[in-house]
>>> print(open('coords_3.cif').read())   # mmCIF, C-alpha atoms
data_work
#
loop_
_atom_site.group_PDB
_atom_site.id
_atom_site.type_symbol
_atom_site.label_atom_id
_atom_site.label_comp_id
_atom_site.auth_asym_id
_atom_site.auth_seq_id
_atom_site.Cartn_x
_atom_site.Cartn_y
_atom_site.Cartn_z
ATOM 1 C CA MET A 1 17.216 -0.905 -34.765
ATOM 2 C CA ARG A 2 19.638 -2.481 -32.283
ATOM 3 C CA ASN A 3 22.102 -5.124 -33.396
ATOM 4 C CA VAL A 4 21.715 -7.965 -30.880
ATOM 5 C CA SER A 5 24.747 -9.721 -32.321
ATOM 6 C CA ASP A 6 27.039 -6.808 -31.412
ATOM 7 C CA PRO A 7 28.516 -7.588 -27.959
ATOM 8 C CA ARG A 8 29.163 -3.890 -27.260
ATOM 9 C CA GLN A 9 25.508 -2.980 -27.820
ATOM 10 C CA VAL A 10 24.348 -5.940 -25.751
ATOM 11 C CA LYS A 11 26.664 -4.897 -22.905
ATOM 12 C CA ALA A 12 25.548 -1.259 -23.134
ATOM 13 C CA ASP A 13 21.886 -2.324 -23.034
ATOM 14 C CA ALA A 14 22.571 -4.511 -19.985
ATOM 15 C CA ARG A 15 24.245 -1.580 -18.179
ATOM 16 C CA LYS A 16 21.313 0.668 -19.054
ATOM 17 C CA ALA A 17 18.797 -1.902 -17.766
ATOM 18 C CA LYS A 18 20.795 -2.346 -14.555
ATOM 19 C CA ARG A 19 20.848 1.422 -13.932
ATOM 20 C CA ALA A 20 17.096 1.639 -14.578
ATOM 21 C CA ARG A 21 16.427 -1.176 -12.080
ATOM 22 C CA GLU A 22 18.662 0.436 -9.451
ATOM 23 C CA GLU A 23 16.727 3.680 -9.908
ATOM 24 C CA GLU A 24 13.391 1.849 -9.498
ATOM 25 C CA LEU A 25 14.597 0.271 -6.257
ATOM 26 C CA ALA A 26 15.927 3.587 -4.966
ATOM 27 C CA ASP A 27 12.500 5.125 -5.685
ATOM 28 C CA LEU A 28 10.806 2.297 -3.775
ATOM 29 C CA HIS A 29 13.121 2.793 -0.795
ATOM 30 C CA ARG A 30 12.418 6.544 -0.792
ATOM 31 C CA LEU A 31 8.663 5.881 -1.023
ATOM 32 C CA MET A 32 8.631 3.296 1.760
ATOM 33 C CA GLY A 33 10.924 5.431 3.910
ATOM 34 C CA GLU A 34 8.303 8.145 4.346
ATOM 35 C CA PRO A 35 4.945 7.974 6.187
ATOM 36 C CA TRP A 36 3.080 9.451 3.201
ATOM 37 C CA GLY A 37 4.734 6.872 0.914
ATOM 38 C CA ARG A 38 3.722 3.961 3.111
ATOM 39 C CA ARG A 39 0.150 5.290 3.266
ATOM 40 C CA TRP A 40 0.141 5.584 -0.544
ATOM 41 C CA MET A 41 1.486 2.031 -0.952
ATOM 42 C CA TRP A 42 -1.094 0.662 1.485
ATOM 43 C CA ARG A 43 -3.908 2.346 -0.474
ATOM 44 C CA LEU A 44 -2.501 0.945 -3.721
ATOM 45 C CA LEU A 45 -2.371 -2.574 -2.297
ATOM 46 C CA ALA A 46 -5.909 -2.256 -0.943
ATOM 47 C CA LYS A 47 -7.300 -0.839 -4.200
ATOM 48 C CA THR A 48 -5.760 -3.643 -6.215
ATOM 49 C CA GLY A 49 -7.523 -6.232 -4.041
ATOM 50 C CA VAL A 50 -4.420 -7.857 -2.581
ATOM 51 C CA PHE A 51 -6.134 -8.410 0.762
ATOM 52 C CA GLU A 52 -9.387 -9.849 -0.597
ATOM 53 C CA SER A 53 -10.657 -12.621 -2.803
ATOM 54 C CA SER A 54 -10.888 -12.073 -6.563
ATOM 55 C CA PHE A 55 -13.821 -14.447 -6.929
ATOM 56 C CA ASN A 56 -17.124 -13.267 -8.345
ATOM 57 C CA PRO A 57 -19.928 -15.468 -9.702
ATOM 58 C CA SER A 58 -19.380 -13.733 -13.033
ATOM 59 C CA GLY A 59 -16.226 -15.161 -14.559
ATOM 60 C CA SER A 60 -15.400 -11.946 -16.416
ATOM 61 C CA VAL A 61 -15.509 -9.962 -13.160
ATOM 62 C CA THR A 62 -13.254 -12.546 -11.529
ATOM 63 C CA TYR A 63 -10.794 -12.241 -14.418
ATOM 64 C CA PHE A 64 -10.803 -8.450 -14.100
ATOM 65 C CA ASN A 65 -10.357 -8.609 -10.320
ATOM 66 C CA GLU A 66 -7.530 -11.110 -10.638
ATOM 67 C CA GLY A 67 -5.725 -8.966 -13.215
ATOM 68 C CA ARG A 68 -5.930 -5.995 -10.881
ATOM 69 C CA ARG A 69 -4.811 -8.164 -7.959
ATOM 70 C CA ILE A 70 -1.750 -9.452 -9.837
ATOM 71 C CA VAL A 71 -0.514 -5.868 -10.240
ATOM 72 C CA GLY A 72 -0.879 -5.364 -6.490
ATOM 73 C CA LEU A 73 0.859 -8.656 -5.744
ATOM 74 C CA ASP A 74 3.834 -7.522 -7.839
ATOM 75 C CA TYR A 75 4.116 -4.368 -5.719
ATOM 76 C CA LEU A 76 3.593 -6.373 -2.516
ATOM 77 C CA GLN A 77 6.368 -8.798 -3.464
ATOM 78 C CA GLU A 78 8.758 -5.995 -4.292
ATOM 79 C CA ALA A 79 7.983 -4.082 -1.091
ATOM 80 C CA THR A 80 8.399 -7.126 1.144
ATOM 81 C CA ALA A 81 11.596 -8.247 -0.611
ATOM 82 C CA GLU A 82 13.296 -4.857 -0.845
ATOM 83 C CA CYS A 83 11.928 -3.020 2.210
ATOM 84 C CA PRO A 84 10.928 -5.655 4.797
ATOM 85 C CA GLU A 85 11.271 -3.370 7.827
ATOM 86 C CA GLU A 86 9.321 -0.565 6.160
ATOM 87 C CA TYR A 87 6.651 -3.048 5.044
ATOM 88 C CA LEU A 88 6.205 -4.218 8.620
ATOM 89 C CA LEU A 89 6.022 -0.600 9.784
ATOM 90 C CA MET A 90 3.456 0.116 7.044
ATOM 91 C CA THR A 91 1.191 -2.701 8.262
ATOM 92 C CA GLN A 92 1.504 -1.514 11.866
ATOM 93 C CA GLU A 93 0.614 2.048 10.835
ATOM 94 C CA ALA A 94 -2.348 0.829 8.767
ATOM 95 C CA ASN A 95 -3.616 -1.266 11.689
ATOM 96 C CA ALA A 96 -3.304 1.728 14.020
ATOM 97 C CA ARG A 97 -5.294 3.892 11.568
ATOM 98 C CA HIS A 98 -7.928 1.169 11.292
ATOM 99 C CA ARG A 99 -8.243 0.863 15.082
ATOM 100 C CA ALA A 100 -8.542 4.653 15.395
ATOM 101 C CA GLN A 101 -11.306 4.709 12.777
ATOM 102 C CA GLU A 102 -13.150 1.915 14.579
ATOM 103 C CA ARG A 103 -12.770 3.773 17.874
ATOM 104 C CA ASP A 104 -14.124 6.943 16.269
ATOM 105 C CA HIS A 105 -17.200 5.033 15.124
ATOM 106 C CA ASP A 106 -17.660 3.131 18.377
ATOM 107 C CA ASP A 107 -19.607 5.848 20.189
ATOM 108 C CA PRO A 108 -22.365 4.257 22.339
ATOM 109 C CA ARG A 109 -24.492 7.391 21.851
ATOM 110 C CA ASP A 110 -24.231 6.874 18.069
ATOM 111 C CA PRO A 111 -24.323 3.119 17.312
ATOM 112 C CA ALA A 112 -24.437 3.703 13.549
ATOM 113 C CA GLY A 113 -21.315 5.894 13.666
ATOM 114 C CA LEU A 114 -23.087 8.751 11.872
ATOM 115 C CA THR A 115 -22.095 11.647 14.129
ATOM 116 C CA PRO A 116 -18.748 13.239 13.214
ATOM 117 C CA ARG A 117 -16.258 13.171 16.026
ATOM 118 C CA SER A 118 -14.708 16.334 17.418
ATOM 119 C CA GLY A 119 -11.185 14.977 17.098
ATOM 120 C CA HIS A 120 -10.567 14.152 20.748
ATOM 121 C CA ASP A 121 -11.299 11.085 22.843
ATOM 122 C CA SER A 122 -12.689 12.767 25.927
ATOM 123 C CA ASP A 123 -16.401 12.569 26.679
ATOM 124 C CA PRO A 124 -18.347 15.702 27.501
ATOM 125 C CA PRO A 125 -18.557 16.507 31.209
ATOM 126 C CA SER A 126 -21.232 14.587 33.027
ATOM 127 C CA THR A 127 -24.269 16.532 34.235
ATOM 128 C CA ASP A 128 -25.126 13.922 36.853
ATOM 129 C CA THR A 129 -24.844 14.997 40.486
ATOM 130 C CA GLU A 130 -24.289 12.298 43.049
#
>>> encode(input="coords_3.cif", output="structure tokens")
Amino acid sequence: MRNVSDPRQVKADARKAKRAREEELADLHRLMGEPWGRRWMWRLLAKTGVFESSFNPSGSVTYFNEGRRIVGLDYLQEATAECPEEYLLMTQEANARHRAQERDHDDPRDPAGLTPRSGHDSDPPSTDTE
């Protein structure tokens, strides 16, 4: 057991905690500095319900949702405080992916969006002759 009255041990513990925190922040910067890391963080934030309401008519479901959301809010706060430029880039990338998905499902020949797209935006050649 540690002796909290020993100033040397207290100082050593403080140095150890500081190094651990610096490592956590370095990990966050590496994560947010890569496209795959920003996609992962965005999925984490979405899965924890950060961008939606926690409310449910069942109180126990609301409590569960809010607990999950608090975890996401902790990550959101850390990302915005430590990596503001990367956070902004992450939201722009997520919005671009969302618009692309909407565009892929906005085929007038398939209003329900059930037909898989071929991966390109061009329409098939028209067979109409004028």
>>> resolve_selection(input="coords_3.cif", expression="the PyMOL selection byres ((chain A and resi 94) around 12)", output="JSON, numbers by chain")
{"A": [35, 36, 38, 39, 40, 41, 42, 43, 45, 46, 87, 88, 89, 90, 91, 92, 93, 95, 96, 97, 98, 99, 100, 101]}
>>> closest_residue(input="coords_3.cif", among="A:Leu25, A:Lys47, A:His105, A:Met32", to="Val71 in chain A", atoms="only C-alpha atoms")
A:Lys47
>>> atom_distance(input="coords_3.cif", atom1="CA of Gly72 in chain A", atom2="CA of Glu102 in chain A")
25.4 Å
>>> residues_around(input="coords_3.cif", residues="Asn65 in chain A", least_positions_apart="2", cutoff="12 Å", atoms="all atoms listed in the file", output="PyMOL selection string")
chain A and resi 47-63+67-72
>>> atom_distance(input="coords_3.cif", atom1="CA of Glu85 in chain A", atom2="CA of Glu34 in chain A")
12.4 Å
>>> atom_distance(input="coords_3.cif", atom1="CA of Gln77 in chain A", atom2="CA of Val10 in chain A")
28.8 Å
>>> build_atoms(input="coords_3.cif", residues="range 10-25 of chain A", atoms="N, CA, C and O atoms", output="mmCIF file, in the frame of the given file")
data_model
loop_
_atom_site.group_PDB
_atom_site.id
_atom_site.type_symbol
_atom_site.label_atom_id
_atom_site.label_comp_id
_atom_site.auth_asym_id
_atom_site.auth_seq_id
_atom_site.Cartn_x
_atom_site.Cartn_y
_atom_site.Cartn_z
ATOM 1 N N VAL A 10 24.990 -5.086 -26.757
ATOM 2 C CA VAL A 10 24.348 -5.940 -25.751
ATOM 3 C C VAL A 10 24.810 -5.541 -24.352
ATOM 4 O O VAL A 10 24.006 -5.409 -23.423
ATOM 5 N N LYS A 11 26.115 -5.312 -24.199
ATOM 6 C CA LYS A 11 26.664 -4.897 -22.905
ATOM 7 C C LYS A 11 26.122 -3.533 -22.483
ATOM 8 O O LYS A 11 25.770 -3.316 -21.319
ATOM 9 N N ALA A 12 26.062 -2.602 -23.433
ATOM 10 C CA ALA A 12 25.548 -1.259 -23.134
ATOM 11 C C ALA A 12 24.088 -1.333 -22.717
ATOM 12 O O ALA A 12 23.668 -0.651 -21.772
ATOM 13 N N ASP A 13 23.299 -2.156 -23.395
ATOM 14 C CA ASP A 13 21.886 -2.324 -23.034
ATOM 15 C C ASP A 13 21.749 -2.926 -21.637
ATOM 16 O O ASP A 13 20.867 -2.538 -20.870
ATOM 17 N N ALA A 14 22.612 -3.880 -21.304
ATOM 18 C CA ALA A 14 22.571 -4.511 -19.985
ATOM 19 C C ALA A 14 22.898 -3.484 -18.896
ATOM 20 O O ALA A 14 22.251 -3.463 -17.847
ATOM 21 N N ARG A 15 23.906 -2.625 -19.157
ATOM 22 C CA ARG A 15 24.245 -1.580 -18.179
ATOM 23 C C ARG A 15 23.078 -0.608 -17.998
ATOM 24 O O ARG A 15 22.766 -0.197 -16.888
ATOM 25 N N LYS A 16 22.449 -0.257 -19.106
ATOM 26 C CA LYS A 16 21.313 0.668 -19.054
ATOM 27 C C LYS A 16 20.151 0.055 -18.266
ATOM 28 O O LYS A 16 19.522 0.721 -17.436
ATOM 29 N N ALA A 17 19.871 -1.213 -18.488
ATOM 30 C CA ALA A 17 18.797 -1.902 -17.766
ATOM 31 C C ALA A 17 19.123 -1.997 -16.281
ATOM 32 O O ALA A 17 18.242 -1.817 -15.430
ATOM 33 N N LYS A 18 20.386 -2.255 -15.956
ATOM 34 C CA LYS A 18 20.795 -2.346 -14.555
ATOM 35 C C LYS A 18 20.617 -1.000 -13.854
ATOM 36 O O LYS A 18 20.106 -0.939 -12.733
ATOM 37 N N ARG A 19 21.023 0.078 -14.516
ATOM 38 C CA ARG A 19 20.848 1.422 -13.932
ATOM 39 C C ARG A 19 19.365 1.748 -13.728
ATOM 40 O O ARG A 19 18.986 2.313 -12.701
ATOM 41 N N ALA A 20 18.537 1.381 -14.694
ATOM 42 C CA ALA A 20 17.096 1.639 -14.578
ATOM 43 C C ALA A 20 16.513 0.875 -13.391
ATOM 44 O O ALA A 20 15.705 1.417 -12.626
ATOM 45 N N ARG A 21 16.929 -0.379 -13.200
ATOM 46 C CA ARG A 21 16.427 -1.176 -12.080
ATOM 47 C C ARG A 21 16.902 -0.600 -10.750
ATOM 48 O O ARG A 21 16.136 -0.536 -9.785
ATOM 49 N N GLU A 22 18.152 -0.177 -10.684
ATOM 50 C CA GLU A 22 18.662 0.436 -9.451
ATOM 51 C C GLU A 22 17.888 1.697 -9.119
ATOM 52 O O GLU A 22 17.600 1.963 -7.941
ATOM 53 N N GLU A 23 17.523 2.471 -10.128
ATOM 54 C CA GLU A 23 16.727 3.680 -9.908
ATOM 55 C C GLU A 23 15.334 3.333 -9.400
ATOM 56 O O GLU A 23 14.810 3.980 -8.491
ATOM 57 N N GLU A 24 14.717 2.291 -9.968
ATOM 58 C CA GLU A 24 13.391 1.849 -9.498
ATOM 59 C C GLU A 24 13.444 1.458 -8.023
ATOM 60 O O GLU A 24 12.555 1.817 -7.240
ATOM 61 N N LEU A 25 14.478 0.704 -7.651
ATOM 62 C CA LEU A 25 14.597 0.271 -6.257
ATOM 63 C C LEU A 25 14.877 1.444 -5.326
ATOM 64 O O LEU A 25 14.356 1.490 -4.212
#
